[in-house]
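Data from query_11.cif: mmCIF, C-alpha atoms
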```
data_my_file
loop_
_atom_site.label_atom_id
_atom_site.label_comp_id
_atom_site.auth_asym_id
_atom_site.auth_seq_id
_atom_site.Cartn_x
_atom_site.Cartn_y
_atom_site.Cartn_z
CA MET A 42 146.61 83.75 142.36
CA THR A 43 148.34 86.23 144.60
CA GLU A 44 149.98 89.59 144.96
CA THR A 45 153.31 90.05 146.68
CA GLU A 46 154.27 93.66 146.42
CA GLY A 47 157.79 94.38 145.31
CA PRO A 48 160.02 95.14 142.32
CA ALA A 49 160.84 91.49 141.62
CA HIS A 50 158.13 91.33 138.97
CA LYS A 51 159.97 93.68 136.62
CA LYS A 52 161.55 91.97 133.61
CA ASP A 53 163.59 93.12 130.63
CA MET A 54 161.22 93.04 127.68
CA SER A 55 162.91 95.61 125.45
CA ARG A 56 162.80 93.33 122.38
CA ARG A 57 159.00 93.46 122.39
CA ARG A 58 156.91 96.24 120.89
CA VAL A 59 153.47 97.65 121.31
CA VAL A 60 151.60 100.17 119.25
CA LEU A 61 150.27 103.26 120.93
CA ALA A 62 147.69 104.78 118.61
CA GLY A 63 148.85 108.34 119.05
CA GLY A 64 146.04 109.21 121.45
CA ALA A 65 143.46 108.47 118.76
CA VAL A 66 141.62 106.13 121.07
CA ILE A 67 140.61 109.10 123.21
CA VAL A 68 137.82 111.07 121.56
CA ALA A 69 136.47 114.44 122.50
CA ALA A 70 132.88 113.32 122.99
CA GLY A 71 131.58 114.63 126.28
CA ILE A 72 134.86 116.37 127.11
CA GLY A 73 135.10 119.44 124.88
CA ALA A 74 137.42 122.43 125.11
CA GLY A 75 139.34 123.06 128.29
CA ALA A 76 139.80 119.37 129.04
CA VAL A 77 142.76 118.12 131.04
CA ALA A 78 144.99 115.53 129.39
CA SER A 79 146.78 113.77 132.20
CA ALA A 80 149.94 111.68 131.84
CA SER A 81 153.39 111.24 133.35
CA ALA A 82 156.45 113.00 132.00
CA ASP A 83 157.98 109.75 130.76
CA GLU A 84 154.79 108.35 129.24
CA ASP A 85 155.46 109.35 125.64
CA THR A 86 159.17 108.55 125.59
CA ALA A 87 159.62 105.27 127.47
CA GLY A 88 160.97 102.74 124.96
CA ALA A 89 159.47 104.58 121.99
CA LYS A 90 160.31 103.63 118.39
CA LYS A 91 158.74 104.45 115.05
CA SER A 92 156.85 101.44 113.83
CA GLY A 93 156.06 102.35 110.27
CA GLY A 94 152.90 100.35 110.76
CA GLY A 95 150.44 103.20 110.44
CA GLN A 96 150.18 106.96 110.29
CA GLY A 97 150.68 108.59 113.68
CA GLU A 98 151.53 105.33 115.42
CA GLU A 99 154.47 104.70 117.74
CA CYS A 100 155.84 101.45 119.09
CA TYR A 101 156.58 100.65 122.70
CA ARG A 102 157.84 97.65 124.63
CA LEU A 103 155.59 94.79 125.73
CA THR A 104 153.19 95.93 128.42
CA SER A 105 154.51 95.11 131.90
CA GLU A 106 153.32 91.98 133.66
CA THR A 107 152.32 92.35 137.32
CA THR A 108 150.98 90.19 140.10
CA GLU A 109 147.35 89.08 140.07
CA GLY A 110 146.52 90.10 143.63
CA PRO A 111 144.55 88.23 146.27
CA TYR A 112 141.14 89.55 145.18
CA TYR A 113 140.74 88.09 141.68
CA ILE A 114 137.53 86.24 140.82
CA ASP A 115 137.39 84.26 137.56
CA ALA A 116 135.45 85.94 134.76
CA ASP A 117 131.74 85.33 135.19
CA LYS A 118 130.25 88.79 134.58
CA ILE A 119 130.22 89.48 130.83
CA ARG A 120 129.21 93.13 130.70
CA LYS A 121 130.22 96.64 129.71
CA ASP A 122 128.81 98.56 132.69
CA ILE A 123 130.30 97.26 135.95
CA THR A 124 129.29 100.07 138.32
CA GLU A 125 126.19 98.46 139.89
CA ASP A 126 125.19 101.91 141.16
CA LYS A 127 128.41 102.39 143.12
CA GLU A 128 128.99 106.05 143.95
CA GLY A 129 131.97 107.77 142.36
CA ILE A 130 133.32 109.73 139.40
CA PRO A 131 132.16 108.07 136.16
CA LEU A 132 135.07 106.49 134.28
CA THR A 133 134.94 105.31 130.68
CA LEU A 134 137.83 102.90 130.16
CA ARG A 135 138.81 102.35 126.52
CA LEU A 136 141.30 99.56 125.94
CA LYS A 137 143.02 98.13 122.88
CA VAL A 138 144.80 94.76 122.77
CA ILE A 139 147.49 94.09 120.16
CA ASP A 140 150.03 91.37 119.42
CA SER A 141 153.36 92.77 120.63
CA ASP A 142 155.31 91.04 117.82
CA THR A 143 153.13 91.98 114.85
CA CYS A 144 151.40 95.08 116.26
CA LYS A 145 148.14 93.69 114.88
CA PRO A 146 144.89 93.83 116.90
CA VAL A 147 143.96 90.76 118.95
CA ALA A 148 140.28 90.10 118.25
CA HIS A 149 137.95 88.07 120.47
CA ALA A 150 140.29 88.26 123.48
CA ALA A 151 138.53 88.28 126.86
CA VAL A 152 139.58 91.31 128.92
CA ASP A 153 138.93 91.24 132.68
CA ILE A 154 139.06 94.33 134.86
CA TRP A 155 138.46 94.67 138.60
CA HIS A 156 139.17 97.34 141.18
CA CYS A 157 138.13 98.75 144.55
CA ASP A 158 135.36 101.30 145.04
CA ALA A 159 135.76 104.97 145.94
CA LEU A 160 136.63 104.08 149.56
CA GLY A 161 138.99 101.17 148.89
CA ILE A 162 136.58 98.23 149.17
CA TYR A 163 136.70 95.21 146.83
CA SER A 164 133.49 93.37 145.99
CA GLY A 165 133.59 89.75 147.05
CA TYR A 166 135.99 90.71 149.85
CA GLU A 167 134.18 93.44 151.75
CA ALA A 168 135.10 92.00 155.15
CA MET A 169 138.79 91.81 154.20
CA SER A 170 139.45 94.92 152.16
CA SER A 171 139.92 98.46 153.42
CA GLY A 172 136.89 99.83 155.21
CA GLY A 173 134.81 96.71 154.68
CA PRO A 174 132.09 95.89 157.23
CA GLY A 175 133.65 93.98 160.07
CA GLY A 176 137.10 94.18 158.52
CA PRO A 177 140.20 96.10 159.62
CA GLY A 178 139.66 99.77 159.16
CA GLY A 179 135.90 99.39 158.95
CA PRO A 180 133.39 101.61 160.73
CA GLY A 181 134.19 101.79 164.43
CA ASP A 182 137.15 99.47 164.05
CA GLY A 183 139.91 101.99 164.60
CA GLY A 184 142.40 99.58 163.07
CA THR A 185 144.68 99.80 160.07
CA PRO A 186 143.37 98.80 156.63
CA PRO A 187 145.31 96.00 154.95
CA THR A 188 147.61 96.29 151.93
CA ASP A 189 147.05 94.32 148.72
CA ALA A 190 148.81 91.26 150.10
CA PRO A 191 147.10 89.09 152.75
CA THR A 192 148.83 89.09 156.13
CA GLY A 193 150.68 86.00 157.33
CA PRO A 194 152.18 83.24 155.21
CA PRO A 195 150.91 82.78 151.65
CA PRO A 196 147.82 80.54 151.73
CA SER A 197 148.96 78.61 148.66
CA GLY A 198 152.56 78.27 149.76
CA GLY A 199 153.57 78.95 146.17
CA PRO A 200 155.44 81.79 144.49
CA GLY A 201 154.02 85.26 144.86
CA GLY A 202 151.94 84.76 147.99
CA GLY A 203 148.35 83.52 148.09
CA HIS A 204 144.88 83.96 146.68
CA SER A 205 142.04 84.72 149.07
CA GLU A 206 138.67 83.07 148.57
CA PRO A 207 135.68 85.45 148.31
CA THR A 208 133.87 86.25 151.54
CA ASP A 209 130.61 87.52 150.01
CA ASP A 210 128.50 87.39 146.83
CA GLU A 211 128.98 91.01 145.74
CA ARG A 212 130.50 91.49 142.26
CA TYR A 213 130.44 95.25 141.63
CA LEU A 214 133.35 96.85 139.75
CA ARG A 215 134.22 93.55 138.05
CA GLY A 216 133.56 92.56 134.49
CA THR A 217 134.72 90.90 131.28
CA GLN A 218 134.27 91.72 127.61
CA LEU A 219 135.53 90.41 124.28
CA THR A 220 137.62 92.69 122.05
CA ASP A 221 136.15 93.55 118.66
CA LYS A 222 137.89 92.89 115.33
CA HIS A 223 140.03 95.98 115.89
CA GLY A 224 141.14 94.84 119.34
CA TYR A 225 139.02 97.38 121.23
CA VAL A 226 136.88 97.01 124.32
CA GLU A 227 135.19 99.65 126.50
CA PHE A 228 134.03 99.54 130.12
CA LYS A 229 131.81 101.88 132.13
CA THR A 230 132.93 102.07 135.75
CA ILE A 231 133.99 104.63 138.38
CA PHE A 232 137.33 106.21 139.22
CA PRO A 233 138.89 103.90 141.85
CA GLY A 234 139.72 105.05 145.36
CA TRP A 235 142.75 104.03 147.38
CA TYR A 236 143.70 101.89 150.34
CA GLN A 237 146.78 101.52 152.51
CA GLY A 238 149.99 100.54 150.76
CA ARG A 239 148.91 101.00 147.13
CA CYS A 240 148.43 103.86 144.72
CA VAL A 241 145.18 104.13 142.75
CA HIS A 242 145.00 101.28 140.21
CA ILE A 243 142.84 98.87 138.22
CA HIS A 244 143.67 95.19 137.73
CA THR A 245 143.39 93.52 134.32
CA LYS A 246 143.80 90.16 132.61
CA VAL A 247 143.75 89.22 128.93
CA HIS A 248 142.63 85.69 127.99
CA VAL A 249 142.94 84.11 124.54
CA GLY A 250 142.05 80.79 122.94
CA GLY A 251 138.82 80.26 124.88
CA LYS A 252 135.15 80.68 124.02
CA MET A 253 131.99 82.25 125.33
CA THR A 254 129.51 79.92 127.08
CA ASP A 255 126.39 80.40 129.18
CA ALA A 256 128.66 80.39 132.24
CA GLY A 257 131.02 83.03 130.83
CA TYR A 258 134.39 82.80 129.09
CA GLU A 259 135.92 79.35 129.38
CA GLY A 260 139.08 77.61 128.19
CA GLY A 261 142.17 79.11 126.61
CA HIS A 262 144.88 80.72 128.70
CA THR A 263 145.83 84.04 130.28
CA CYS A 264 148.44 85.83 128.17
CA HIS A 265 148.64 89.03 130.24
CA THR A 266 148.11 90.07 133.84
CA GLY A 267 148.66 93.72 134.60
CA GLN A 268 147.47 96.87 136.29
CA PHE A 269 146.44 100.32 135.09
CA PHE A 270 147.66 103.42 136.90
CA PHE A 271 146.55 107.04 137.22
CA ALA A 272 148.61 110.24 137.04
CA GLU A 273 149.08 111.82 140.45
CA SER A 274 147.49 115.09 139.33
CA ALA A 275 144.26 113.29 138.44
CA VAL A 276 144.17 111.43 141.76
CA LEU A 277 144.62 114.71 143.64
CA ASP A 278 141.74 116.20 141.64
CA SER A 279 139.54 113.20 142.49
CA ALA A 280 140.39 113.52 146.19
CA LYS A 281 138.51 116.86 146.29
CA ILE A 282 135.24 115.19 145.30
CA GLU A 283 132.88 113.12 147.45
CA PRO A 284 132.98 110.30 148.41
CA TYR A 285 136.77 110.25 147.81
CA SER A 286 137.19 113.36 149.96
CA THR A 287 135.69 111.52 152.95
CA SER A 288 138.42 108.86 152.99
CA THR A 289 140.72 108.93 156.02
CA THR A 290 143.08 106.29 154.63
CA THR A 291 146.69 107.33 154.06
CA ARG A 292 147.27 107.52 150.32
CA THR A 293 150.30 106.06 148.52
CA ALA A 294 151.53 108.24 145.64
CA LEU A 295 152.25 106.83 142.19
CA THR A 296 156.00 107.36 142.67
CA GLU A 297 155.89 105.42 145.96
CA ASP A 298 154.04 102.39 144.64
CA THR A 299 155.96 99.09 144.56
CA ILE A 300 154.06 97.65 141.57
CA TYR A 301 154.18 100.52 139.06
CA ASP A 302 157.52 100.27 137.23
CA ARG A 303 157.67 103.95 136.17
CA SER A 304 157.80 103.17 132.45
CA GLY A 305 154.73 105.19 131.50
CA VAL A 306 152.37 103.56 129.01
CA THR A 307 154.34 100.30 128.95
CA GLY A 308 153.94 100.10 132.72
CA GLY A 309 150.16 100.59 132.55
CA LEU A 310 149.84 104.37 132.94
CA LEU A 311 146.50 105.47 131.49
CA LYS A 312 145.91 108.49 129.29
CA LEU A 313 143.17 110.51 130.99
CA SER A 314 140.89 113.29 129.75
CA TYR A 315 138.42 115.32 131.82
CA ARG A 316 137.31 118.87 132.61
CA LYS A 317 139.44 119.94 135.55
CA ARG A 318 136.70 121.97 137.25
CA HIS A 319 134.03 119.42 136.42
CA MET A 320 135.81 116.11 136.98
CA ALA A 321 132.76 114.79 138.81
CA ARG A 322 130.97 114.64 135.46
CA GLY A 323 133.31 111.98 134.17
CA VAL A 324 136.76 110.88 133.03
CA ILE A 325 137.90 109.04 129.90
CA GLY A 326 140.89 106.72 130.28
CA SER A 327 142.60 104.77 127.51
CA ILE A 328 145.61 102.58 126.85
CA THR A 329 146.92 100.01 124.38
CA MET A 330 148.12 96.71 125.82
CA GLY A 331 150.79 94.80 123.93
CA VAL A 332 150.55 91.09 124.69
CA ASP A 333 152.16 87.88 123.47
CA PRO A 334 149.22 85.54 122.75
CA ASP A 335 151.52 82.51 122.81
CA GLU A 336 152.76 83.15 126.34
CA THR A 337 151.05 82.41 129.68
CA HIS A 338 151.11 85.11 132.35
CA ASP A 339 148.57 84.43 135.08
CA GLY A 340 150.21 86.74 137.63
CA THR A 341 150.92 83.99 140.18
CA ASP A 342 154.56 83.47 139.24
CA LEU A 343 155.86 87.00 139.87
#
```
Produce structure tokens that represent the structure in this file.
Amino acid sequence: MTETEGPAHKKDMSRRRVVLAGGAVIVAAGIGAGAVASASADEDTAGAKKSGGGQGEECYRLTSETTEGPYYIDADKIRKDITEDKEGIPLTLRLKVIDSDTCKPVAHAAVDIWHCDALGIYSGYEAMSSGGPGGPGGPGDGGTPPTDAPTGPPPSGGPGGGHSEPTDDERYLRGTQLTDKHGYVEFKTIFPGWYQGRCVHIHTKVHVGGKMTDAGYEGGHTCHTGQFFFAESAVLDSAKIEPYSTSTTTRTALTEDTIYDRSGVTGGLLKLSYRKRHMARGVIGSITMGVDPDETHDGTDL
């Protein structure tokens, strides 16, 4: 359960397809005229084919698998709103999960997301992540914040580095939900900040074959481990707003990141909508994830 940063995780998956619902997943509610639609230049062309599956739909390759990272905590917070009063730009994250072979929605899949706060801190790992109390780069430390990967040899000794055990009981900006019959799920969170060595991103996992219990989602297997990314223009807009503007951490641009594979939507690049002059009021992000429910991708073998 680790994250070793590098291009080795990229695989040829051109035979797979995923439906992108022509931007229909993004609605105008709360955005209105003059909104900014933010995406990369290659987002709408990378691996695109006509599917014939539905009006206005296009097909793309299987969504890229990435490493899990050292800060994953198994799903135990079943909830839509994961902010826990953390300060930052409100972000509504609208996700759709489909079967990459049939292009049909995957219902009742458990979708995990987790990410750092506006200043690069991960819940559960405040002492280890960027700016955390007592950790490198924290107040008065004067040191250098860490990258995604733990320093030193991988704790597990296995492929892809090691997983770090939580250092505290905080669980903000983490949550799990089940997709509806159309494959959709929506989270309320904040726009992530950044920390040394990585561009702005959100981690995700998709689990299938399990069931809901009093303890959370249990059983089944993980069929997708990935990350969502943000257009550079949107990140620059966020950097003008507090508390993001108070960060002194060197930022890694999207084009410099070693995890993002530059394939647009198939690589996890979100479609974003917001009012450019009023970004602080909120952002809507959406994406369709194409997964193979029969495969296992837990992010520790990349």
Q: I need the residue set behind the PyMOL selection byres ((chain A and resi 337) around 12) for this file; please write it as a VMD selection string.
A: chain A and resid 106 246 to 250 261 to 266 332 to 336 338 to 342
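Within the file as shown, the PyMOL selection byres ((chain A and resi 273-289) around 9) identifies Val77, Ser79, Ala80, Ser81, Glu128, Gly129, Ile130, Ala159, Leu160, Gly161, Phe232, Pro233, Gly234, Trp235, Val241, Phe271, Ala272, Thr290, Thr291, Arg292, Ala294, Leu295, Thr296, Leu313, Lys317, Arg318, Met320 and Ala321 of chain A.
Using all atoms listed in the file, the smallest distance between any of A:Phe269, A:Gly326, A:Ala168, A:Val226 and Thr307 of chain A comes from A:Phe269.
Distances from A:Arg135, A:Arg215, A:Lys145, A:His204 to Glu109 of chain A were compared using all atoms listed in the file, and the smallest one belongs to A:His204.
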Q: Decode the PyMOL selection byres ((chain A and resi 131) around 7) for the given file into explicit residues and return them as number ranges by chain.
A: A: 129-130, 132-133, 230-232, 322-324
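Distance-wise, atom CA of Val152 of chain A and atom CA of Arg120 of chain A end up 10.7 Å apart.
Among the candidate residues A:Met330, A:Ile139, A:Ile123, A:Leu219, the one lying nearest to Gly308 of chain A is A:Met330, with distances computed using only C-alpha atoms.
For the pair atom CA of Tyr113 of chain A and atom CA of Gly165 of chain A, the separation is 9.1 Å.
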Q: Could you check how far atom CA of Asp140 of chain A sits from atom CA of Thr220 of chain A, in Å to one decimal?
A: 12.8 Å
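With distances taken over all atoms listed in the file, A:Gly331 is the one residue among A:Lys312, A:Gln218, A:Gly331, A:Ile154 lying closest to Asp142 of chain A.
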Q. Do you know which residues lie at most 7 Å from (140.5, 91.7, 121.3), with coordinates as in the file and all atoms listed in the file counted, and could you write them as a PyMOL selection string?
A. chain A and resi 138+146-151+219-225
With C-alpha atoms kept, could you save the residues just selected as an mmCIF file, in the coordinates of the input?
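Below is the file out29.cif, written as the result:
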```cif
data_model
loop_
_atom_site.group_PDB
_atom_site.id
_atom_site.type_symbol
_atom_site.label_atom_id
_atom_site.label_comp_id
_atom_site.auth_asym_id
_atom_site.auth_seq_id
_atom_site.Cartn_x
_atom_site.Cartn_y
_atom_site.Cartn_z
ATOM 1 C CA VAL A 138 144.800 94.760 122.770
ATOM 2 C CA PRO A 146 144.890 93.830 116.900
ATOM 3 C CA VAL A 147 143.960 90.760 118.950
ATOM 4 C CA ALA A 148 140.280 90.100 118.250
ATOM 5 C CA HIS A 149 137.950 88.070 120.470
ATOM 6 C CA ALA A 150 140.290 88.260 123.480
ATOM 7 C CA ALA A 151 138.530 88.280 126.860
ATOM 8 C CA LEU A 219 135.530 90.410 124.280
ATOM 9 C CA THR A 220 137.620 92.690 122.050
ATOM 10 C CA ASP A 221 136.150 93.550 118.660
ATOM 11 C CA LYS A 222 137.890 92.890 115.330
ATOM 12 C CA HIS A 223 140.030 95.980 115.890
ATOM 13 C CA GLY A 224 141.140 94.840 119.340
ATOM 14 C CA TYR A 225 139.020 97.380 121.230
#
```
Q | Point (156.4, 103.8, 146.5) neighbourhood (12 Å, only C-alpha atoms) written as a PyMOL selection string | A | chain A and resi 46-48+237-241+292-303
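Among the candidates A:Thr124, A:Thr217, A:Gln268, A:Ser304, the one nearest to Gly110 of chain A when counting all atoms listed in the file is A:Gln268.
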